[in-house]
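Source file: model_11.pdb; contents: PDB, C-alpha atoms.
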ATOM      1  CA  MET R  22     -50.815 314.198 116.215
ATOM      2  CA  PHE R  23     -47.075 314.534 116.602
ATOM      3  CA  SER R  24     -44.454 313.969 119.260
ATOM      4  CA  PRO R  25     -43.031 317.273 120.440
ATOM      5  CA  HIS R  26     -39.268 317.463 120.705
ATOM      6  CA  ALA R  27     -36.962 320.265 121.735
ATOM      7  CA  ILE R  28     -35.129 322.170 118.997
ATOM      8  CA  GLY R  29     -33.132 323.903 121.739
ATOM      9  CA  PHE R  30     -33.251 325.330 125.230
ATOM     10  CA  VAL R  31     -33.659 328.768 126.813
ATOM     11  CA  ARG R  32     -30.844 330.278 128.863
ATOM     12  CA  SER R  33     -32.558 332.697 131.196
ATOM     13  CA  PRO R  34     -31.740 334.522 134.438
ATOM     14  CA  TYR R  35     -34.811 332.905 136.014
ATOM     15  CA  THR R  36     -34.329 329.602 137.802
ATOM     16  CA  GLN R  37     -37.558 329.612 139.817
ATOM     17  CA  THR R  38     -41.089 330.602 138.898
ATOM     18  CA  ASN R  39     -41.060 333.247 141.620
ATOM     19  CA  ASP R  40     -38.122 334.983 139.915
ATOM     20  CA  ILE R  41     -40.235 335.893 136.877
ATOM     21  CA  PRO R  42     -41.829 339.358 137.030
ATOM     22  CA  LYS R  43     -45.603 339.017 137.213
ATOM     23  CA  GLY R  44     -48.529 341.267 137.781
ATOM     24  CA  LEU R  45     -50.043 344.234 136.024
ATOM     25  CA  GLY R  46     -47.463 346.278 134.224
ATOM     26  CA  ALA R  47     -44.763 343.634 134.652
ATOM     27  CA  ARG R  48     -42.115 344.243 132.029
ATOM     28  CA  HIS R  49     -40.107 341.506 130.460
ATOM     29  CA  GLU R  50     -36.807 343.105 129.593
ATOM     30  CA  ALA R  51     -34.583 340.249 130.711
ATOM     31  CA  GLU R  52     -31.921 339.135 128.294
ATOM     32  CA  GLY R  53     -31.335 335.499 127.568
ATOM     33  CA  VAL R  54     -30.084 333.118 124.931
ATOM     34  CA  LEU R  55     -32.026 330.683 122.767
ATOM     35  CA  GLU R  56     -29.553 327.827 122.377
ATOM     36  CA  ILE R  57     -30.673 325.932 119.291
ATOM     37  CA  LEU R  58     -29.342 322.386 118.903
ATOM     38  CA  PRO R  59     -26.574 322.194 116.270
ATOM     39  CA  GLU R  60     -28.565 319.880 114.000
ATOM     40  CA  PHE R  61     -31.233 322.576 113.598
ATOM     41  CA  GLU R  62     -28.827 325.460 112.888
ATOM     42  CA  PRO R  63     -29.502 325.474 109.100
ATOM     43  CA  GLY R  64     -33.103 326.373 109.961
ATOM     44  CA  LEU R  65     -31.864 329.678 111.410
ATOM     45  CA  THR R  66     -30.590 330.930 108.033
ATOM     46  CA  ASP R  67     -31.735 334.558 107.512
ATOM     47  CA  ILE R  68     -33.392 334.780 110.915
ATOM     48  CA  ASP R  69     -30.980 337.618 111.713
ATOM     49  CA  GLY R  70     -33.013 339.959 109.505
ATOM     50  CA  PHE R  71     -35.979 339.922 111.848
ATOM     51  CA  SER R  72     -36.096 342.203 114.871
ATOM     52  CA  HIS R  73     -38.657 340.112 116.762
ATOM     53  CA  LEU R  74     -39.469 336.437 116.986
ATOM     54  CA  PHE R  75     -42.245 334.283 118.338
ATOM     55  CA  VAL R  76     -40.845 331.572 120.588
ATOM     56  CA  LEU R  77     -43.011 328.514 121.238
ATOM     57  CA  TRP R  78     -41.865 326.522 124.230
ATOM     58  CA  ILE R  79     -42.945 323.946 126.767
ATOM     59  CA  PHE R  80     -44.060 324.641 130.323
ATOM     60  CA  ASP R  81     -41.924 321.651 131.317
ATOM     61  CA  ARG R  82     -42.175 322.269 135.072
ATOM     62  CA  SER R  83     -45.967 322.511 135.106
ATOM     63  CA  GLN R  84     -48.243 319.514 135.571
ATOM     64  CA  GLY R  85     -51.907 319.151 134.771
ATOM     65  CA  PHE R  86     -54.310 321.950 133.946
ATOM     66  CA  ASP R  87     -57.130 324.060 135.353
ATOM     67  CA  LEU R  88     -59.812 325.252 132.967
ATOM     68  CA  PHE R  89     -60.864 327.997 135.361
ATOM     69  CA  GLY R  90     -58.715 329.679 137.959
ATOM     70  CA  LYS R  91     -57.344 332.839 139.538
ATOM     71  CA  PRO R  92     -54.277 334.321 137.841
ATOM     72  CA  PRO R  93     -51.659 336.049 140.010
ATOM     73  CA  ILE R  94     -52.581 339.469 138.636
ATOM     74  CA  ASP R  95     -56.273 339.419 139.531
ATOM     75  CA  ASP R  96     -58.446 338.357 142.451
ATOM     76  CA  ARG R  97     -61.115 336.990 140.116
ATOM     77  CA  PRO R  98     -61.030 333.647 138.298
ATOM     78  CA  HIS R  99     -60.851 333.458 134.501
ATOM     79  CA  GLY R 100     -60.889 330.749 131.865
ATOM     80  CA  VAL R 101     -57.461 329.347 131.073
ATOM     81  CA  PHE R 102     -57.701 330.377 127.405
ATOM     82  CA  ALA R 103     -58.178 333.985 128.535
ATOM     83  CA  THR R 104     -54.919 333.837 130.527
ATOM     84  CA  ARG R 105     -51.245 332.949 130.133
ATOM     85  CA  SER R 106     -51.428 330.328 132.907
ATOM     86  CA  PRO R 107     -48.873 327.500 132.640
ATOM     87  CA  ARG R 108     -51.539 324.972 133.639
ATOM     88  CA  ARG R 109     -53.028 324.488 130.160
ATOM     89  CA  PRO R 110     -54.456 321.425 128.361
ATOM     90  CA  ASN R 111     -51.437 321.605 126.032
ATOM     91  CA  PRO R 112     -48.637 323.175 128.104
ATOM     92  CA  ILE R 113     -47.219 325.375 125.353
ATOM     93  CA  GLY R 114     -45.907 328.862 126.085
ATOM     94  CA  LEU R 115     -45.613 331.729 123.608
ATOM     95  CA  THR R 116     -43.249 334.656 124.037
ATOM     96  CA  VAL R 117     -42.344 337.519 121.728
ATOM     97  CA  VAL R 118     -38.659 338.340 122.027
ATOM     98  CA  GLU R 119     -36.426 340.949 120.436
ATOM     99  CA  LEU R 120     -33.525 339.378 118.568
ATOM    100  CA  LEU R 121     -30.371 341.218 119.620
ATOM    101  CA  ARG R 122     -27.798 339.156 117.731
ATOM    102  CA  ARG R 123     -27.036 335.702 116.500
ATOM    103  CA  GLU R 124     -23.862 333.745 117.190
ATOM    104  CA  GLY R 125     -24.155 330.566 115.160
ATOM    105  CA  SER R 126     -26.849 328.509 116.828
ATOM    106  CA  ARG R 127     -27.154 330.907 119.785
ATOM    107  CA  LEU R 128     -29.720 333.690 119.557
ATOM    108  CA  HIS R 129     -29.242 336.494 122.046
ATOM    109  CA  VAL R 130     -32.655 337.953 122.815
ATOM    110  CA  ARG R 131     -34.432 340.435 125.070
ATOM    111  CA  GLY R 132     -37.754 339.706 126.705
ATOM    112  CA  VAL R 133     -37.421 336.192 128.077
ATOM    113  CA  ASP R 134     -40.046 335.190 130.625
ATOM    114  CA  MET R 135     -39.209 331.494 130.664
ATOM    115  CA  LEU R 136     -37.291 329.507 133.246
ATOM    116  CA  ASP R 137     -33.688 328.570 132.558
ATOM    117  CA  GLY R 138     -33.533 325.283 130.676
ATOM    118  CA  THR R 139     -37.000 325.573 129.118
ATOM    119  CA  PRO R 140     -37.327 323.404 125.981
ATOM    120  CA  ILE R 141     -38.000 325.335 122.771
ATOM    121  CA  LEU R 142     -40.450 323.895 120.216
ATOM    122  CA  ASP R 143     -40.381 326.453 117.438
ATOM    123  CA  LEU R 144     -39.312 329.917 116.316
ATOM    124  CA  LYS R 145     -41.277 332.041 113.870
ATOM    125  CA  PRO R 146     -40.701 335.510 112.472
ATOM    126  CA  TYR R 147     -42.893 338.278 113.906
ATOM    127  CA  LEU R 148     -44.257 339.960 110.805
ATOM    128  CA  SER R 149     -46.999 342.392 111.741
ATOM    129  CA  SER R 150     -48.822 343.905 114.680
ATOM    130  CA  ILE R 151     -52.428 344.586 115.496
ATOM    131  CA  SER R 152     -52.848 348.327 115.872
ATOM    132  CA  PRO R 153     -53.250 349.214 119.581
ATOM    133  CA  ASP R 154     -56.416 351.207 118.841
ATOM    134  CA  LYS R 155     -58.038 347.991 117.594
ATOM    135  CA  LEU R 156     -57.107 345.920 120.647
ATOM    136  CA  ARG R 157     -59.511 345.120 123.449
ATOM    137  CA  ARG R 158     -57.851 343.499 126.421
ATOM    138  CA  GLY R 159     -60.825 342.225 128.425
ATOM    139  CA  TRP R 160     -60.339 341.372 132.069
ATOM    140  CA  ILE R 161     -56.712 342.517 131.959
ATOM    141  CA  ALA R 162     -57.760 346.081 131.144
ATOM    142  CA  GLU R 163     -60.483 345.904 133.823
ATOM    143  CA  ALA R 164     -58.027 344.675 136.450
ATOM    144  CA  GLU R 165     -55.633 347.491 135.512
ATOM    145  CA  THR R 166     -58.409 350.029 135.930
ATOM    146  CA  ARG R 167     -59.308 348.615 139.362
ATOM    147  CA  ALA R 168     -55.639 348.606 140.394
ATOM    148  CA  LYS R 169     -55.339 352.309 139.549
ATOM    149  CA  ALA R 170     -58.585 353.261 141.362
TER     150      ALA R 170
ATOM    151  CA  MET I  30     -42.474 316.347 127.015
ATOM    152  CA  PHE I  31     -46.215 316.078 126.612
ATOM    153  CA  SER I  32     -48.696 314.441 124.268
ATOM    154  CA  PRO I  33     -50.503 317.057 122.191
ATOM    155  CA  HIS I  34     -54.250 316.699 121.961
ATOM    156  CA  ALA I  35     -56.876 318.769 120.199
ATOM    157  CA  ILE I  36     -58.972 321.139 122.298
ATOM    158  CA  GLY I  37     -61.120 321.736 119.214
ATOM    159  CA  PHE I  38     -61.100 322.110 115.445
ATOM    160  CA  VAL I  39     -61.086 324.963 112.943
ATOM    161  CA  ARG I  40     -64.035 325.464 110.606
ATOM    162  CA  SER I  41     -62.577 327.300 107.644
ATOM    163  CA  PRO I  42     -63.560 327.987 104.013
ATOM    164  CA  TYR I  43     -60.277 326.383 102.935
ATOM    165  CA  THR I  44     -60.313 322.675 102.163
ATOM    166  CA  GLN I  45     -57.074 322.501 100.186
ATOM    167  CA  THR I  46     -53.709 324.142 100.711
ATOM    168  CA  ASN I  47     -54.015 325.885  97.343
ATOM    169  CA  ASP I  48     -57.180 327.671  98.539
ATOM    170  CA  ILE I  49     -55.251 329.643 101.149
ATOM    171  CA  PRO I  50     -54.093 333.086  99.972
ATOM    172  CA  LYS I  51     -50.313 333.178  99.833
ATOM    173  CA  GLY I  52     -47.691 335.522  98.573
ATOM    174  CA  LEU I  53     -46.574 339.029  99.360
ATOM    175  CA  GLY I  54     -49.408 341.173 100.554
ATOM    176  CA  ALA I  55     -51.764 338.200 100.984
ATOM    177  CA  ARG I  56     -54.495 339.220 103.382
ATOM    178  CA  HIS I  57     -56.195 336.816 105.685
ATOM    179  CA  GLU I  58     -59.689 338.183 106.102
ATOM    180  CA  ALA I  59     -61.516 334.860 105.885
ATOM    181  CA  GLU I  60     -64.068 334.171 108.566
ATOM    182  CA  GLY I  61     -64.223 330.848 110.314
ATOM    183  CA  VAL I  62     -65.211 329.197 113.552
ATOM    184  CA  LEU I  63     -63.032 327.751 116.287
ATOM    185  CA  GLU I  64     -65.131 324.839 117.537
ATOM    186  CA  ILE I  65     -63.860 324.071 120.999
ATOM    187  CA  LEU I  66     -64.734 320.659 122.427
ATOM    188  CA  PRO I  67     -67.505 320.896 125.049
ATOM    189  CA  GLU I  68     -65.301 319.590 127.871
ATOM    190  CA  PHE I  69     -62.983 322.606 127.431
ATOM    191  CA  GLU I  70     -65.729 325.252 127.311
ATOM    192  CA  PRO I  71     -65.149 326.445 130.918
ATOM    193  CA  GLY I  72     -61.662 327.496 129.769
ATOM    194  CA  LEU I  73     -63.268 330.060 127.448
ATOM    195  CA  THR I  74     -64.750 332.070 130.347
ATOM    196  CA  ASP I  75     -64.062 335.798 129.778
ATOM    197  CA  ILE I  76     -62.395 335.233 126.424
ATOM    198  CA  ASP I  77     -65.124 337.396 124.886
ATOM    199  CA  GLY I  78     -63.449 340.499 126.302
ATOM    200  CA  PHE I  79     -60.451 340.166 124.002
ATOM    201  CA  SER I  80     -60.570 341.460 120.451
ATOM    202  CA  HIS I  81     -57.745 339.264 119.197
ATOM    203  CA  LEU I  82     -56.460 335.802 120.022
ATOM    204  CA  PHE I  83     -53.403 333.723 119.298
ATOM    205  CA  VAL I  84     -54.423 330.326 117.949
ATOM    206  CA  LEU I  85     -51.888 327.500 118.178
ATOM    207  CA  TRP I  86     -52.727 324.607 115.909
ATOM    208  CA  ILE I  87     -51.274 321.549 114.213
ATOM    209  CA  PHE I  88     -50.194 321.312 110.581
ATOM    210  CA  ASP I  89     -51.922 317.938 110.537
ATOM    211  CA  ARG I  90     -51.702 317.481 106.758
ATOM    212  CA  SER I  91     -47.960 318.163 106.609
ATOM    213  CA  GLN I  92     -45.331 315.464 106.995
ATOM    214  CA  GLY I  93     -41.661 315.801 107.780
ATOM    215  CA  PHE I  94     -39.626 318.992 107.717
ATOM    216  CA  ASP I  95     -37.060 320.919 105.696
ATOM    217  CA  LEU I  96     -34.598 323.079 107.585
ATOM    218  CA  PHE I  97     -33.830 325.141 104.482
ATOM    219  CA  GLY I  98     -36.153 325.720 101.548
ATOM    220  CA  LYS I  99     -37.880 328.119  99.187
ATOM    221  CA  PRO I 100     -41.127 329.619 100.436
ATOM    222  CA  PRO I 101     -43.916 330.322  97.915
ATOM    223  CA  ILE I 102     -43.451 334.076  98.229
ATOM    224  CA  ASP I 103     -39.765 334.232  97.327
ATOM    225  CA  ASP I 104     -37.433 332.667  94.783
ATOM    226  CA  ARG I 105     -34.641 332.359  97.340
ATOM    227  CA  PRO I 106     -34.346 329.692 100.033
ATOM    228  CA  HIS I 107     -34.556 330.565 103.730
ATOM    229  CA  GLY I 108     -34.225 328.756 107.036
ATOM    230  CA  VAL I 109     -37.472 327.238 108.250
ATOM    231  CA  PHE I 110     -37.430 329.303 111.474
ATOM    232  CA  ALA I 111     -37.382 332.471 109.345
ATOM    233  CA  THR I 112     -40.565 331.346 107.541
ATOM    234  CA  ARG I 113     -44.094 330.159 108.247
ATOM    235  CA  SER I 114     -43.539 326.897 106.335
ATOM    236  CA  PRO I 115     -45.724 323.963 107.459
ATOM    237  CA  ARG I 116     -42.749 321.610 107.181
ATOM    238  CA  ARG I 117     -41.277 322.359 110.623
ATOM    239  CA  PRO I 118     -39.520 320.132 113.193
ATOM    240  CA  ASN I 119     -42.585 320.594 115.430
ATOM    241  CA  PRO I 120     -45.529 321.131 113.049
ATOM    242  CA  ILE I 121     -47.248 323.851 115.075
ATOM    243  CA  GLY I 122     -48.956 326.787 113.397
ATOM    244  CA  LEU I 123     -49.656 330.189 114.941
ATOM    245  CA  THR I 124     -52.350 332.551 113.716
ATOM    246  CA  VAL I 125     -53.652 335.824 115.121
ATOM    247  CA  VAL I 126     -57.409 336.064 114.663
ATOM    248  CA  GLU I 127     -59.973 338.719 115.475
ATOM    249  CA  LEU I 128     -62.696 337.416 117.765
ATOM    250  CA  LEU I 129     -66.042 338.457 116.293
ATOM    251  CA  ARG I 130     -68.360 336.735 118.733
ATOM    252  CA  ARG I 131     -68.706 333.705 120.935
ATOM    253  CA  GLU I 132     -71.608 331.262 120.891
ATOM    254  CA  GLY I 133     -70.973 328.857 123.742
ATOM    255  CA  SER I 134     -67.999 326.770 122.705
ATOM    256  CA  ARG I 135     -67.953 328.221 119.166
ATOM    257  CA  LEU I 136     -65.749 331.234 118.537
ATOM    258  CA  HIS I 137     -66.510 333.135 115.347
ATOM    259  CA  VAL I 138     -63.293 334.720 114.139
ATOM    260  CA  ARG I 139     -61.799 336.639 111.225
ATOM    261  CA  GLY I 140     -58.382 335.906 109.809
ATOM    262  CA  VAL I 141     -58.255 332.127 109.517
ATOM    263  CA  ASP I 142     -55.481 330.760 107.320
ATOM    264  CA  MET I 143     -55.850 327.123 108.367
ATOM    265  CA  LEU I 144     -57.464 324.265 106.500
ATOM    266  CA  ASP I 145     -60.939 323.140 107.492
ATOM    267  CA  GLY I 146     -60.724 320.536 110.250
ATOM    268  CA  THR I 147     -57.343 321.693 111.595
ATOM    269  CA  PRO I 148     -56.809 320.570 115.217
ATOM    270  CA  ILE I 149     -56.424 323.421 117.714
ATOM    271  CA  LEU I 150     -53.870 323.101 120.520
ATOM    272  CA  ASP I 151     -54.300 326.317 122.459
ATOM    273  CA  LEU I 152     -55.819 329.795 122.555
ATOM    274  CA  LYS I 153     -54.178 332.754 124.247
ATOM    275  CA  PRO I 154     -55.211 336.387 124.592
ATOM    276  CA  TYR I 155     -53.354 338.865 122.375
ATOM    277  CA  LEU I 156     -52.256 341.520 124.832
ATOM    278  CA  SER I 157     -49.828 343.900 123.187
ATOM    279  CA  SER I 158     -48.148 344.702 119.910
ATOM    280  CA  ILE I 159     -44.656 345.578 118.856
ATOM    281  CA  SER I 160     -44.702 349.059 117.401
ATOM    282  CA  PRO I 161     -44.326 348.880 113.591
ATOM    283  CA  ASP I 162     -41.460 351.385 113.667
ATOM    284  CA  LYS I 163     -39.474 348.905 115.784
ATOM    285  CA  LEU I 164     -40.078 345.936 113.470
ATOM    286  CA  ARG I 165     -37.524 344.670 110.981
ATOM    287  CA  ARG I 166     -38.934 342.059 108.629
ATOM    288  CA  GLY I 167     -35.781 340.636 107.041
ATOM    289  CA  TRP I 168     -36.094 338.736 103.793
ATOM    290  CA  ILE I 169     -39.836 339.406 103.630
ATOM    291  CA  ALA I 170     -39.246 343.152 103.360
ATOM    292  CA  GLU I 171     -36.480 342.547 100.809
ATOM    293  CA  ALA I 172     -38.718 340.319  98.695
ATOM    294  CA  GLU I 173     -41.454 342.968  98.825
ATOM    295  CA  THR I 174     -38.995 345.606  97.643
ATOM    296  CA  ARG I 175     -37.878 343.388  94.746
ATOM    297  CA  ALA I 176     -41.490 342.636  93.829
ATOM    298  CA  LYS I 177     -42.240 346.360  93.600
ATOM    299  CA  ALA I 178     -39.122 347.131  91.537
TER     300      ALA I 178
END
Exercise: express the given structure as structure tokens:
Amino acid sequence: MFSPHAIGFVRSPYTQTNDIPKGLGARHEAEGVLEILPEFEPGLTDIDGFSHLFVLWIFDRSQGFDLFGKPPIDDRPHGVFATRSPRRPNPIGLTVVELLRREGSRLHVRGVDMLDGTPILDLKPYLSSISPDKLRRGWIAEAETRAKA
Amino acid sequence: MFSPHAIGFVRSPYTQTNDIPKGLGARHEAEGVLEILPEFEPGLTDIDGFSHLFVLWIFDRSQGFDLFGKPPIDDRPHGVFATRSPRRPNPIGLTVVELLRREGSRLHVRGVDMLDGTPILDLKPYLSSISPDKLRRGWIAEAETRAKA
């Protein structure tokens, strides 16, 4: 195993969980900044060429986990690995953001859904997509259908 | 911070790093099994409805990190956060797999690029894709262009 440590922190407009848009069709268009610690700045070399990044981060204001529970966007319980719940066995979050511009060790991005001050674990380039016609979206698609009915 | 712990292990045809297809255009079509530990099985409820999953895992056979280095698929060095190098400040890997079928706590998947026995940290549903016409792929696209020239 390893000891996780922050490579930086998220600057986000959201200071409380309730501020973050949730629910079916919630869009994450908020802009924010990924402030990478100066000692890791060399690791950002060439990142500017990518339009989208995976951000791995810590749910640092969540404690414990539930293997089975009701997400905010459905009235039925689901397994935690079929949801984006913060209450996970390893409290790691994953967000795809659009990279708008880089200023040194500050990455201006669109699409943050993290709280302000969230510790960042890793950044990776987003290289390819699964074609939407090949995607099945399980209970999320079913809940959307029920919501429209 | 938190202490990472395995929720399961990857069964993969790859036992050595050199077995894993690398390079431009490498395809990851290998089938494998995500063996989730029995105590976490309730967390898999409803996961069967999703065609694709994000798998977060540990580069457990990698030590230390390089902020700047030459990936196998290019002759030019790049920052670690612009690559999928295993030698990262937090040695976490991310792979998108196709879920073929579930047998209890065993998920049969396509697209493994991990070594056999790799510890799994988390599974998340893959919900949406960035449209390919909106993706810029930086040095990877440039290296592909050079390789074709």
Might you spell out which residues the PyMOL selection byres ((chain R) within 7 of (chain I)) would select in the displayed file, as a PyMOL selection string?
-> chain R and resi 22+24-26+61+63-68+70-73+81+88-89+99-105+111+142-146+148+150-151+153+156-160
All file atoms of segment 133-149 of chain I boxed axis-aligned, 3 Å per side, centre plus edges, as lines of an AutoDock Vina configuration file:
center_x = -63.2
center_y = 328.6
center_z = 115.1
size_x = 21.5
size_y = 22.1
size_z = 23.2
When you look at Gly140 of chain I with a cut-off of 9 Å (counting all atoms listed in the file), what residues show up, excluding the ones that are within fewer than 5 positions of it in the same chain? I need them as a PDB file with C-alpha atoms, in the coordinates of the input.
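File written: result-v4.pdb
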ATOM      1  CA  ARG I  56     -54.495 339.220 103.382  1.00  0.00           C
ATOM      2  CA  HIS I  57     -56.195 336.816 105.685  1.00  0.00           C
ATOM      3  CA  GLU I  58     -59.689 338.183 106.102  1.00  0.00           C
ATOM      4  CA  ALA I  59     -61.516 334.860 105.885  1.00  0.00           C
ATOM      5  CA  GLU I  60     -64.068 334.171 108.566  1.00  0.00           C
ATOM      6  CA  GLY I  61     -64.223 330.848 110.314  1.00  0.00           C
ATOM      7  CA  THR I 124     -52.350 332.551 113.716  1.00  0.00           C
ATOM      8  CA  VAL I 125     -53.652 335.824 115.121  1.00  0.00           C
ATOM      9  CA  VAL I 126     -57.409 336.064 114.663  1.00  0.00           C
ATOM     10  CA  GLU I 127     -59.973 338.719 115.475  1.00  0.00           C
TER      11      GLU I 127
END
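Minimum atom-to-atom distances from I:Val84, I:Leu66, I:Met143, I:Ala55 to Leu128 of chain I were compared using all atoms listed in the file, and the lowest value belongs to I:Val84.
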What residues come out when you apply the PyMOL selection byres ((chain I and resi 43) around 8) to this file, written as JSON, numbers by chain?
-> {"I": [41, 42, 44, 45, 46, 48, 49, 142, 143, 144, 145]}
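Across the model, the gap from atom CA of Trp78 of chain R to atom CA of Ser126 of chain R is 16.9 Å.
For the pair atom CA of Leu128 of chain R and atom CA of Gly52 of chain I, the separation is 27.7 Å.
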To one decimal in Å, tell me the separation between atom CA of Arg167 of chain R and atom CA of Asp154 of chain R.
->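 Spanning atom CA of Arg167 of chain R to atom CA of Asp154 of chain R is a straight-line distance of 20.9 Å.
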On this structure, the PyMOL selection byres ((chain R and resi 56) around 7) would catch which residues? List them as a compact mmCIF listing (two decimals) with C-alpha atoms, in the coordinates of the input, sorted by chain and number.
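This went into part.txt:
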# COMPACT_ATOMS: atom_id res chain seq x y z
CA GLY R 29 -33.13 323.90 121.74
CA PHE R 30 -33.25 325.33 125.23
CA VAL R 31 -33.66 328.77 126.81
CA VAL R 54 -30.08 333.12 124.93
CA LEU R 55 -32.03 330.68 122.77
CA ILE R 57 -30.67 325.93 119.29
CA LEU R 58 -29.34 322.39 118.90
CA SER R 126 -26.85 328.51 116.83
CA ARG R 127 -27.15 330.91 119.78
CA LEU R 128 -29.72 333.69 119.56
